[in-house]
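Student: Structure: target08.csv, CSV, C-alpha atoms and all ligand atoms.
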```csv
chain,number,residue,atom,x,y,z
U,1,MET,CA,-23.5,-1.5,5.4
U,2,SER,CA,-20.5,-3.1,3.6
U,3,PRO,CA,-18.9,-1.2,0.8
U,4,ALA,CA,-20.2,-3.8,-1.7
U,5,ARG,CA,-23.8,-3.3,-0.6
U,6,ARG,CA,-23.4,0.5,-0.5
U,7,ALA,CA,-22.0,0.4,-4.1
U,8,ILE,CA,-24.9,-1.9,-5.3
U,9,ALA,CA,-27.6,0.3,-3.7
U,10,ALA,CA,-26.1,3.5,-5.1
U,11,PHE,CA,-25.6,1.9,-8.5
U,12,THR,CA,-29.2,0.8,-8.7
U,13,ARG,CA,-30.4,4.3,-7.6
U,14,LEU,CA,-28.2,6.1,-10.2
U,15,HIS,CA,-28.6,3.7,-13.2
U,16,GLY,CA,-32.1,2.3,-12.5
U,17,ASP,CA,-30.9,-1.2,-12.7
U,18,ALA,CA,-28.7,-3.6,-10.7
U,19,PRO,CA,-25.0,-3.8,-11.7
U,20,SER,CA,-23.6,-6.8,-13.7
U,21,GLY,CA,-21.2,-7.5,-10.9
U,22,VAL,CA,-19.3,-6.1,-7.9
U,23,TRP,CA,-15.5,-6.4,-7.4
U,24,SER,CA,-13.6,-5.2,-4.3
U,25,ALA,CA,-10.0,-4.9,-3.2
U,26,PRO,CA,-8.4,-4.2,0.2
U,27,GLY,CA,-6.0,-1.6,1.6
U,28,ARG,CA,-2.8,-2.9,3.2
U,29,VAL,CA,-0.3,-2.4,5.9
U,30,ASN,CA,3.3,-3.3,5.3
U,31,LEU,CA,4.7,-5.2,8.3
U,32,ILE,CA,8.3,-4.4,7.2
U,33,GLY,CA,10.2,-3.7,4.0
U,34,GLU,CA,9.7,-0.1,3.2
U,35,HIS,CA,11.1,1.7,0.1
U,36,THR,CA,12.6,-1.6,-0.9
U,37,ASP,CA,10.1,-2.4,-3.7
U,38,TYR,CA,11.4,-0.1,-6.4
U,39,ASN,CA,14.9,-1.3,-5.4
U,40,ASP,CA,13.9,-4.9,-6.5
U,41,GLY,CA,13.9,-6.0,-2.9
U,42,PHE,CA,11.7,-7.7,-0.3
U,43,VAL,CA,8.4,-6.6,1.2
U,44,LEU,CA,6.0,-8.2,3.8
U,45,PRO,CA,2.5,-6.7,3.6
U,46,PHE,CA,-0.9,-7.9,4.7
U,47,ALA,CA,-4.3,-6.9,3.5
U,48,LEU,CA,-6.7,-4.9,5.8
U,49,PRO,CA,-10.3,-5.8,6.3
U,50,HIS,CA,-11.1,-2.3,4.9
U,51,ARG,CA,-12.0,-2.5,1.2
U,52,THR,CA,-13.0,-0.5,-1.8
U,53,ALA,CA,-15.9,-2.0,-3.9
U,54,VAL,CA,-16.8,-1.2,-7.5
U,55,ALA,CA,-20.3,-2.0,-8.8
U,56,ALA,CA,-20.1,-2.1,-12.6
U,57,SER,CA,-21.9,-2.6,-15.9
U,58,THR,CA,-21.0,-2.1,-19.5
U,59,ARG,CA,-22.2,0.8,-21.6
U,60,ASP,CA,-22.5,0.6,-25.3
U,61,ASP,CA,-21.5,4.3,-26.1
U,62,GLY,CA,-17.8,3.9,-25.2
U,63,GLN,CA,-18.1,6.3,-22.3
U,64,LEU,CA,-16.8,5.8,-18.7
U,65,HIS,CA,-19.2,7.1,-16.1
U,66,VAL,CA,-17.7,7.0,-12.6
U,67,ALA,CA,-19.3,7.9,-9.3
U,68,THR,CA,-18.4,7.5,-5.6
U,69,VAL,CA,-20.8,7.1,-2.7
U,70,GLY,CA,-19.9,8.1,0.8
U,71,ASP,CA,-20.9,6.6,4.1
U,72,ASP,CA,-23.8,9.0,4.2
U,73,GLY,CA,-25.1,7.9,0.8
U,74,VAL,CA,-24.1,11.1,-0.9
U,75,VAL,CA,-23.0,10.5,-4.5
U,76,GLN,CA,-20.3,12.4,-6.3
U,77,GLN,CA,-20.2,12.0,-10.1
U,78,ALA,CA,-17.1,12.6,-12.2
U,79,ALA,CA,-17.5,14.2,-15.7
U,80,PRO,CA,-18.1,11.4,-18.2
U,81,VAL,CA,-15.2,10.7,-20.5
U,82,ARG,CA,-14.9,8.6,-23.7
U,83,VAL,CA,-12.5,5.7,-23.1
U,84,ALA,CA,-11.0,6.5,-26.6
U,85,ASP,CA,-10.1,10.0,-25.4
U,86,LEU,CA,-8.3,9.0,-22.2
U,87,GLU,CA,-4.8,10.5,-22.0
U,88,PRO,CA,-2.6,11.4,-19.0
U,89,GLY,CA,-3.6,14.8,-17.8
U,90,ALA,CA,-7.1,14.5,-19.2
U,91,VAL,CA,-8.7,13.6,-15.9
U,92,GLY,CA,-7.8,15.1,-12.5
U,93,GLY,CA,-8.6,14.5,-8.8
U,94,TRP,CA,-10.0,11.2,-7.5
U,95,ALA,CA,-11.4,10.2,-11.0
U,96,ALA,CA,-7.8,10.0,-12.3
U,97,TYR,CA,-7.4,6.6,-10.5
U,98,PRO,CA,-10.2,4.7,-12.2
U,99,ALA,CA,-9.6,6.6,-15.5
U,100,GLY,CA,-5.9,5.6,-15.4
U,101,VAL,CA,-6.8,2.0,-15.1
U,102,ALA,CA,-9.2,2.2,-18.0
U,103,TRP,CA,-6.4,3.9,-20.0
U,104,VAL,CA,-4.0,1.1,-19.3
U,105,LEU,CA,-6.5,-1.6,-20.1
U,106,ARG,CA,-7.4,0.1,-23.3
U,107,GLU,CA,-4.0,-1.0,-24.5
U,108,GLN,CA,-5.1,-4.5,-23.8
U,109,GLY,CA,-8.1,-4.2,-26.1
U,110,LEU,CA,-10.6,-3.1,-23.4
U,111,THR,CA,-12.2,-0.2,-25.3
U,112,GLY,CA,-15.8,-0.5,-24.2
U,113,GLY,CA,-17.6,1.9,-21.9
U,114,ALA,CA,-18.7,1.2,-18.3
U,115,ASN,CA,-20.7,2.6,-15.4
U,116,LEU,CA,-18.7,2.3,-12.2
U,117,VAL,CA,-20.0,3.1,-8.7
U,118,ILE,CA,-17.4,3.1,-6.0
U,119,ALA,CA,-17.8,2.7,-2.2
U,120,GLY,CA,-15.1,2.0,0.3
U,121,ASP,CA,-14.0,2.2,3.9
U,122,VAL,CA,-10.2,2.3,3.4
U,123,PRO,CA,-9.1,5.5,5.2
U,124,ALA,CA,-8.0,7.9,2.5
U,125,GLY,CA,-4.7,9.7,2.7
U,126,ALA,CA,-3.6,7.5,5.6
U,127,GLY,CA,-0.8,5.6,3.9
U,128,LEU,CA,-3.0,2.5,3.9
U,129,SER,CA,-3.2,2.3,0.2
U,130,SER,CA,-6.7,3.5,-0.5
U,131,SER,CA,-5.7,4.6,-4.0
U,132,HIS,CA,-4.4,1.1,-4.9
U,133,ALA,CA,-7.5,-0.6,-3.4
U,134,LEU,CA,-9.6,1.6,-5.8
U,135,GLU,CA,-7.3,0.9,-8.8
U,136,CYS,CA,-7.2,-2.8,-8.2
U,137,ALA,CA,-11.0,-3.1,-7.8
U,138,VAL,CA,-11.5,-1.1,-11.0
U,139,ALA,CA,-9.0,-3.3,-12.9
U,140,LEU,CA,-10.8,-6.5,-11.8
U,141,ALA,CA,-14.2,-4.9,-12.6
U,142,LEU,CA,-13.2,-3.9,-16.1
U,143,LEU,CA,-11.6,-7.2,-16.8
U,144,GLY,CA,-14.7,-9.0,-15.4
U,145,LEU,CA,-17.0,-6.9,-17.6
U,146,ALA,CA,-15.0,-7.8,-20.6
U,147,GLU,CA,-15.0,-11.5,-19.6
U,148,ARG,CA,-11.2,-11.5,-19.5
U,149,PRO,CA,-9.4,-13.8,-17.1
U,150,ALA,CA,-8.1,-12.1,-14.0
U,151,ASP,CA,-5.7,-14.8,-12.8
U,152,ASP,CA,-2.4,-13.4,-13.8
U,153,LEU,CA,-2.1,-11.2,-10.7
U,154,PRO,CA,1.5,-10.0,-11.3
U,155,ARG,CA,0.5,-8.8,-14.7
U,156,ILE,CA,-2.5,-6.9,-13.3
U,157,ALA,CA,-0.3,-5.4,-10.6
U,158,ARG,CA,2.0,-4.1,-13.4
U,159,TRP,CA,-0.9,-2.5,-15.2
U,160,VAL,CA,-2.1,-0.8,-12.1
U,161,GLN,CA,1.5,0.4,-11.5
U,162,ARG,CA,1.5,1.9,-14.9
U,163,ALA,CA,-1.8,3.7,-14.3
U,164,GLU,CA,-0.4,5.1,-11.1
U,165,ASN,CA,3.0,6.1,-12.6
U,166,ASP,CA,2.1,7.3,-16.0
U,167,PHE,CA,-1.5,8.5,-15.7
U,168,VAL,CA,-1.9,9.7,-12.0
U,169,GLY,CA,1.8,10.8,-11.9
U,170,ALA,CA,3.0,9.0,-8.7
U,171,PRO,CA,6.3,7.2,-9.3
U,172,THR,CA,5.4,4.4,-6.9
U,173,GLY,CA,6.6,0.7,-6.9
U,174,LEU,CA,4.8,-2.6,-6.8
U,175,LEU,CA,4.1,-3.1,-3.1
U,176,ASP,CA,0.6,-1.8,-2.7
U,177,GLN,CA,-1.2,-3.2,-5.7
U,178,THR,CA,0.5,-6.6,-5.3
U,179,ALA,CA,-0.6,-6.6,-1.6
U,180,SER,CA,-4.1,-5.7,-2.5
U,181,LEU,CA,-4.4,-8.3,-5.3
U,182,CYS,CA,-2.4,-11.2,-3.8
U,183,CYS,CA,-2.7,-11.1,0.0
U,184,ALA,CA,-4.6,-13.9,1.8
U,185,GLU,CA,-6.5,-14.0,5.1
U,186,ALA,CA,-4.4,-14.8,8.2
U,187,HIS,CA,-1.1,-14.5,6.3
U,188,VAL,CA,1.5,-11.9,5.4
U,189,LEU,CA,2.8,-11.9,1.9
U,190,PHE,CA,6.6,-12.4,1.6
U,191,LEU,CA,7.3,-11.0,-1.9
U,192,ASP,CA,10.6,-10.9,-3.8
U,193,VAL,CA,9.7,-7.9,-6.0
U,194,ARG,CA,12.5,-8.8,-8.5
U,195,SER,CA,11.4,-12.4,-9.3
U,196,PHE,CA,7.8,-11.9,-8.1
U,197,LYS,CA,8.2,-15.1,-6.1
U,198,ALA,CA,5.6,-14.9,-3.3
U,199,GLU,CA,5.1,-16.9,-0.2
U,200,GLN,CA,2.1,-16.7,2.1
U,201,VAL,CA,3.5,-16.8,5.6
U,202,PRO,CA,1.0,-17.6,8.4
U,203,PHE,CA,0.5,-14.6,10.8
U,204,ASP,CA,-1.8,-15.0,13.7
U,205,ALA,CA,-0.8,-12.4,16.2
U,206,ALA,CA,-3.8,-13.2,18.5
U,207,GLU,CA,-2.5,-16.7,19.0
U,208,HIS,CA,0.5,-15.1,20.6
U,209,GLY,CA,-1.5,-12.7,22.7
U,210,LEU,CA,-0.4,-9.9,20.4
U,211,GLU,CA,-2.0,-7.5,17.9
U,212,VAL,CA,-0.9,-5.1,15.2
U,213,LEU,CA,-2.3,-1.7,16.1
U,214,VAL,CA,-2.6,0.8,13.3
U,215,ILE,CA,-2.2,4.4,14.3
U,216,ASP,CA,-3.5,6.7,11.5
U,217,THR,CA,-1.8,10.0,12.5
U,218,ARG,CA,-4.2,12.0,10.2
U,219,ALA,CA,-1.1,13.9,9.0
U,220,SER,CA,-1.7,13.8,5.3
U,221,HIS,CA,0.9,12.7,2.8
U,222,SER,CA,1.4,12.6,-1.0
U,223,HIS,CA,3.7,10.7,-3.3
U,224,THR,CA,3.3,13.1,-6.2
U,225,ASP,CA,5.1,16.1,-4.6
U,226,GLY,CA,8.7,15.1,-5.3
U,227,GLY,CA,9.9,13.7,-1.9
U,228,TYR,CA,9.2,10.1,-2.9
U,229,GLY,CA,10.5,10.5,-6.5
U,230,ALA,CA,13.7,12.1,-5.2
U,231,ARG,CA,14.5,9.1,-2.9
U,232,ARG,CA,13.7,6.8,-5.8
U,233,ALA,CA,16.0,8.6,-8.2
U,234,GLY,CA,18.8,8.7,-5.5
U,235,CYS,CA,18.6,4.9,-5.2
U,236,GLU,CA,18.8,4.4,-8.9
U,237,LYS,CA,21.8,6.7,-9.1
U,238,ALA,CA,23.5,4.8,-6.2
U,239,ALA,CA,22.9,1.5,-8.0
U,240,SER,CA,24.4,2.8,-11.2
U,241,ILE,CA,27.5,4.2,-9.5
U,242,LEU,CA,27.9,0.8,-7.8
U,243,GLY,CA,27.5,-0.9,-11.2
U,244,VAL,CA,24.5,-3.1,-10.1
U,245,PRO,CA,21.0,-3.3,-11.6
U,246,ALA,CA,19.4,-2.3,-8.2
U,247,LEU,CA,20.4,-1.7,-4.6
U,248,ARG,CA,18.9,-5.2,-4.0
U,249,ASP,CA,22.1,-6.5,-5.4
U,250,VAL,CA,24.3,-5.1,-2.6
U,251,ASP,CA,24.8,-7.7,0.1
U,252,VAL,CA,24.9,-6.5,3.7
U,253,SER,CA,28.4,-8.0,4.0
U,254,GLU,CA,29.6,-5.6,1.3
U,255,LEU,CA,27.8,-2.6,2.6
U,256,ASP,CA,30.8,-0.7,4.0
U,257,ASP,CA,32.7,-1.1,0.8
U,258,ALA,CA,29.7,0.0,-1.2
U,259,LEU,CA,29.1,3.1,1.0
U,260,ALA,CA,32.7,4.1,0.6
U,261,ARG,CA,32.2,4.3,-3.2
U,262,LEU,CA,29.2,6.5,-3.0
U,263,PRO,CA,29.0,10.3,-2.6
U,264,GLU,CA,28.0,11.3,0.9
U,265,GLU,CA,24.4,12.3,0.1
U,266,LEU,CA,23.6,8.8,-1.4
U,267,ARG,CA,25.0,6.8,1.5
U,268,PRO,CA,22.1,7.0,3.9
U,269,LEU,CA,19.7,5.9,1.1
U,270,ALA,CA,21.8,2.9,0.2
U,271,ARG,CA,22.3,2.0,3.9
U,272,HIS,CA,18.5,2.0,4.5
U,273,VAL,CA,17.7,-0.2,1.5
U,274,VAL,CA,20.4,-2.8,2.1
U,275,THR,CA,19.6,-3.0,5.9
U,276,GLU,CA,15.9,-3.0,5.4
U,277,ASN,CA,16.1,-6.0,3.0
U,278,GLU,CA,18.0,-7.8,5.7
U,279,ARG,CA,15.3,-6.9,8.3
U,280,VAL,CA,12.6,-8.4,6.0
U,281,LEU,CA,14.5,-11.6,5.7
U,282,ALA,CA,15.1,-11.8,9.5
U,283,ALA,CA,11.4,-11.1,10.1
U,284,VAL,CA,10.3,-13.9,7.8
U,285,GLU,CA,12.7,-16.3,9.6
U,286,LEU,CA,11.1,-15.3,12.9
U,287,LEU,CA,7.5,-15.8,11.5
U,288,ARG,CA,8.4,-19.2,10.0
U,289,ALA,CA,9.7,-20.2,13.5
U,290,GLY,CA,6.5,-18.9,15.2
U,291,ARG,CA,8.6,-16.3,17.1
U,292,LEU,CA,6.3,-13.3,16.5
U,293,ALA,CA,7.0,-11.7,19.9
U,294,GLU,CA,10.6,-11.2,18.8
U,295,LEU,CA,9.7,-9.0,15.9
U,296,GLY,CA,9.9,-5.8,18.0
U,297,PRO,CA,13.6,-4.9,17.5
U,298,LEU,CA,13.3,-5.3,13.7
U,299,LEU,CA,10.3,-2.9,13.6
U,300,ASP,CA,12.2,-0.4,15.7
U,301,GLY,CA,15.3,-0.8,13.5
U,302,SER,CA,13.2,-0.2,10.4
U,303,HIS,CA,11.6,3.0,11.9
U,304,ALA,CA,15.0,4.4,13.0
U,305,SER,CA,16.4,3.8,9.5
U,306,LEU,CA,13.4,5.4,7.7
U,307,ARG,CA,13.6,8.4,10.1
U,308,ASP,CA,17.4,8.9,10.3
U,309,ASP,CA,18.7,7.6,7.0
U,310,TYR,CA,15.8,7.7,4.5
U,311,LYS,CA,14.3,10.8,6.1
U,312,VAL,CA,10.7,9.9,5.2
U,313,SER,CA,9.2,10.0,8.7
U,314,ALA,CA,7.2,12.9,10.1
U,315,PRO,CA,7.0,14.3,13.7
U,316,GLU,CA,3.5,12.7,14.1
U,317,LEU,CA,4.9,9.3,13.1
U,318,ASP,CA,7.8,9.6,15.5
U,319,VAL,CA,5.6,10.7,18.4
U,320,ALA,CA,3.1,7.8,17.7
U,321,VAL,CA,6.0,5.3,17.6
U,322,ASP,CA,7.6,6.6,20.8
U,323,ALA,CA,4.4,6.9,22.7
U,324,ALA,CA,3.3,3.3,21.7
U,325,LYS,CA,6.7,1.9,22.8
U,326,ALA,CA,6.7,3.9,26.1
U,327,ALA,CA,3.3,2.3,26.8
U,328,GLY,CA,4.4,-1.3,26.3
U,329,ALA,CA,4.4,-2.0,22.5
U,330,LEU,CA,7.1,-4.5,21.6
U,331,GLY,CA,8.1,-2.5,18.6
U,332,ALA,CA,6.7,0.1,16.3
U,333,ARG,CA,7.3,1.8,12.9
U,334,MET,CA,5.9,4.0,10.3
U,335,THR,CA,4.3,2.0,7.5
U,336,GLY,CA,3.9,2.9,3.8
U,337,GLY,CA,5.7,5.6,2.0
U,338,GLY,CA,5.8,8.1,4.9
U,339,PHE,CA,5.8,11.9,5.1
U,340,GLY,CA,2.6,11.4,7.2
U,341,GLY,CA,0.1,8.6,7.2
U,342,SER,CA,0.1,5.6,9.5
U,343,ALA,CA,2.3,3.8,12.0
U,344,ILE,CA,1.9,0.2,13.3
U,345,ALA,CA,2.8,-1.1,16.7
U,346,LEU,CA,3.1,-4.7,17.8
U,347,VAL,CA,1.2,-4.7,21.1
U,348,PRO,CA,0.5,-7.3,23.8
U,349,VAL,CA,-3.3,-7.5,23.8
U,350,GLU,CA,-3.5,-6.5,27.5
U,351,ARG,CA,-1.5,-3.3,26.8
U,352,HIS,CA,-3.9,-2.2,24.0
U,353,ASP,CA,-5.9,0.4,26.0
U,354,GLU,CA,-2.8,1.9,27.6
U,355,VAL,CA,-1.0,2.2,24.3
U,356,VAL,CA,-4.0,3.9,22.7
U,357,ARG,CA,-4.4,6.2,25.7
U,358,ARG,CA,-0.7,7.2,25.7
U,359,VAL,CA,-0.7,7.9,21.9
U,360,LEU,CA,-3.9,10.0,22.1
U,361,ALA,CA,-2.5,11.9,25.1
U,362,ALA,CA,0.8,12.6,23.3
U,363,PHE,CA,-1.1,14.0,20.3
U,364,ALA,CA,-3.5,16.0,22.5
U,365,GLY,CA,-0.6,17.5,24.4
U,366,ARG,CA,0.8,18.9,21.2
U,367,GLY,CA,-2.5,20.2,20.0
U,368,TRP,CA,-2.6,17.8,17.0
U,369,THR,CA,-5.6,16.2,15.4
U,370,THR,CA,-6.7,13.0,17.3
U,371,PRO,CA,-5.3,9.9,15.6
U,372,ARG,CA,-7.5,7.1,14.5
U,373,THR,CA,-6.5,3.6,15.8
U,374,PHE,CA,-7.6,0.1,15.0
U,375,THR,CA,-6.4,-3.5,15.3
U,376,ALA,CA,-5.4,-4.9,11.9
U,377,VAL,CA,-6.1,-8.5,11.1
U,378,PRO,CA,-4.7,-10.0,7.9
U,379,SER,CA,-7.6,-10.3,5.5
U,380,ALA,CA,-8.5,-11.5,2.0
U,381,GLY,CA,-7.1,-10.0,-1.2
U,382,ALA,CA,-9.1,-8.6,-4.1
U,383,GLY,CA,-11.8,-10.5,-5.8
U,384,ARG,CA,-15.4,-10.6,-7.1
U,385,ASP,CA,-18.1,-10.2,-4.5
U,386,HIS,CA,-21.3,-10.6,-6.5
U,401,LIG,C1,4.2,3.7,-1.2
U,401,LIG,C2,4.4,3.2,-2.6
U,401,LIG,C3,5.0,1.8,-2.6
U,401,LIG,C4,6.2,1.7,-1.7
U,401,LIG,C5,6.0,2.3,-0.3
U,401,LIG,C6,7.2,2.4,0.5
U,401,LIG,O1,3.2,3.0,-0.5
U,401,LIG,O2,3.1,3.1,-3.3
U,401,LIG,O3,5.3,1.3,-3.9
U,401,LIG,O4,7.3,2.2,-2.3
U,401,LIG,O5,5.4,3.7,-0.5
U,401,LIG,O6,7.6,1.1,0.9
```
Now that the file is in, can you turn its structure into structure tokens?
Ligand code: GLA

Tutor:
Amino acid sequence: MSPARRAIAAFTRLHGDAPSGVWSAPGRVNLIGEHTDYNDGFVLPFALPHRTAVAASTRDDGQLHVATVGDDGVVQQAAPVRVADLEPGAVGGWAAYPAGVAWVLREQGLTGGANLVIAGDVPAGAGLSSSHALECAVALALLGLAERPADDLPRIARWVQRAENDFVGAPTGLLDQTASLCCAEAHVLFLDVRSFKAEQVPFDAAEHGLEVLVIDTRASHSHTDGGYGARRAGCEKAASILGVPALRDVDVSELDDALARLPEELRPLARHVVTENERVLAAVELLRAGRLAELGPLLDGSHASLRDDYKVSAPELDVAVDAAKAAGALGARMTGGGFGGSAIALVPVERHDEVVRRVLAAFAGRGWTTPRTFTAVPSAGAGRDH
């Protein structure tokens, strides 16, 4: 059963009535352009077919009632909270995500209560942006219930970012929520985070006999435990030493000079961001020219830079990437924030089975949990389902 249907069924069971509407939002993978978003740089994500759906109706007592329903139909209900009482720290665990969005939208005059029932199939903790899928679906649901327009997607993305940064406490950038809101079927989204200029670039790997294989290593990750925030702070410090608003402003031709002006510990961070932005631009050029099969070295370069300079990879990600390439992938890299989560590999379709076999064998040989793999096809962004 689709997440939307599951959410409707559970909503009707819980509240004795059908919801007023259902909104859903997808998870994402980022093809390339990692840790560039909070440096005002370039990203190139696409939306997954996996989605989080929110069935919703208004309440007239000003309370927010949130529940999730699993694959097995089991419902988990969060403690009800008055929208007027929402403050950072007031709600913990998974319920902080929907509550954070309600908190941000309260500033926009959305003070009414709501019943929300959530169902989704975006793998959680896999670096595929399940939390942003949830937040974006809740944002659209609350705007929809209040009959507010939901067409200014960059603005909604910033609200969701504020919920994540200031309510949940993860200092993340704009990649994930923008991908979830703005991506389109059969395309990757080339986004300049500084200007918010976005281009939908056609991406049909199958037409080239290729696929993007996602390898969820099942090594869990978190962006609230300091590693992510420390990198972000390091980038901001490097930009301020260099006298630029963000590392985006350092051109690759000036990189050596810039590095010479930075303290040793900040050099690898700056090198990663500047070269990663270049790789995104090069990848977009290849895609526009229909040369998908040549993306491999850029993916490999991105992974090496994230592993060696930015130091956000993990043994599981490195093993997945190496095994995929040894089995015939044209290129592979970690995707998302890192420290665990998922890798992607660009795989000739006829090598799919062998790549999966070699990755699973590499994990089994180390006694690690079996990874989950699937072929990712660029899918639709967030919207109203019913
Ligand atoms: C996480 C964050 C994003 C982005 C990526 C790294 O997914 O939520 O904002 O910084 O890491 O590219």

Student: Kindly give the distance, in Å, that separates CA of Ala324 (chain U) and CA of Glu354 (chain U), rounded to a single decimal.

Tutor: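 A separation of 8.6 Å between them.
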
Student: At what distance in Å, to one decimal, does CA of Arg218 (chain U) lie from CA of Arg333 (chain U)?

Tutor: 15.6 Å

Student: Would you mind listing the residues within 9 Å of ligand LIG 401 (chain U), counting all atoms listed in the file, as an MDAnalysis selection string?

Tutor: chainID U and resid 30 32:39 43 127:129 131:132 161 164 170:177 223 228 232 335:338

Student: Could you check the closest approach to Ile215 (chain U) for each of U:Ile118, U:Leu330, U:Ala126, U:Leu181 and tell me which residue wins, using only C-alpha atoms?

Tutor: U:Ala126

Student: Need the shell around region 292-306 of chain U: protein/DNA/RNA residues with any atom at most 10 Å away, counting all atoms listed in the file. Skip same-chain ones fewer than 4 positions apart. Format as a ChimeraX atom specification?

Tutor: /U:31-35,203-205,207-210,268-269,271-273,275-280,282-288,310-313,317-318,321-322,325,329-335,337-338,343-348

Student: One decimal, Å: what's the distance from CA of Gly328 (chain U) over to CA of Arg372 (chain U), could you say?

Tutor: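 Between these atoms lies a distance of 18.7 Å.
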
Student: Can you work out which one of U:Ala320, U:Ala133, U:Val69, U:Ala380 has the shortest atom-to-atom distance to Arg358 (chain U), counting only C-alpha atoms?

Tutor: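 Closest to Arg358 (chain U) of all the choices is U:Ala320.
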
Student: Tell me which protein, DNA and RNA residues are within 8 Å of Gln77 (chain U), counting all atoms listed in the file, leaving out same-chain ones fewer than 6 positions away, and put them as a PDB file with C-alpha atoms, in the frame of the given file.

Tutor:
```pdb
ATOM      1  CA  HIS U  65     -19.200   7.100 -16.100  1.00  0.00           C
ATOM      2  CA  VAL U  66     -17.700   7.000 -12.600  1.00  0.00           C
ATOM      3  CA  ALA U  67     -19.300   7.900  -9.300  1.00  0.00           C
ATOM      4  CA  THR U  68     -18.400   7.500  -5.600  1.00  0.00           C
TER       5      THR U  68
END
```

Student: Closest to Leu48 (chain U) among U:Arg162, U:Ala382, U:Thr369, U:Ala150, using only C-alpha atoms?

Tutor: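 Going through U:Arg162, U:Ala382, U:Thr369, U:Ala150 one by one, the smallest distance to Leu48 (chain U) is for U:Ala382.
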
Student: Would you mind listing what lies within 9 Å of Phe374 (chain U) as number ranges by chain, with only C-alpha atoms counted and same-chain residues fewer than 6 positions away left out?

Tutor: U: 212-216

Student: Taking all atoms listed in the file into account, name the residue in U:Gly120, U:Gly144, U:Gly100, U:Gly112 that is nearest to Ser2 (chain U).

Tutor: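 That would be U:Gly120, the residue with the smallest distance to Ser2 (chain U).
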
Student: Using all atoms listed in the file, which of U:Val355, U:Val91, U:Leu134, U:Ala96 sits nearest Asp121 (chain U)?

Tutor: U:Leu134

Student: Pick from U:Gln76, U:Ser379, U:Gln200, U:Asn115: nearest to Val22 (chain U), with only C-alpha atoms counted?

Tutor: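 With only C-alpha atoms as the atom set, the closest residue is U:Asn115.
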
Student: So that I can see what lies close to Ala179 (chain U), please list as a VMD selection string the residues with an atom at most 8 Å from it, counting only C-alpha atoms and leaving out residues fewer than 4 positions away in the same chain.

Tutor: chain U and resid 28 45 to 47 175 183 189 381

Student: Taking 5 positions as the minimum chain separation for residues in the same chain, which residues sit within 6 Å of region 55-57 of chain U when counting only C-alpha atoms? Answer as a list in words.

Tutor: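 Neighbouring residues, sequence-local ones excluded: Ala7, Ile8, Pro19, Ser20, Gly21, Val22, Ala114, Asn115, Leu116 and Val117 of chain U.
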
Student: Mind listing as a VMD selection string all residues within 8 Å of (-6.8, 0.5, -13.3), counting all atoms listed in the file?

Tutor: chain U and resid 97 to 105 135 to 139 159 to 160 163
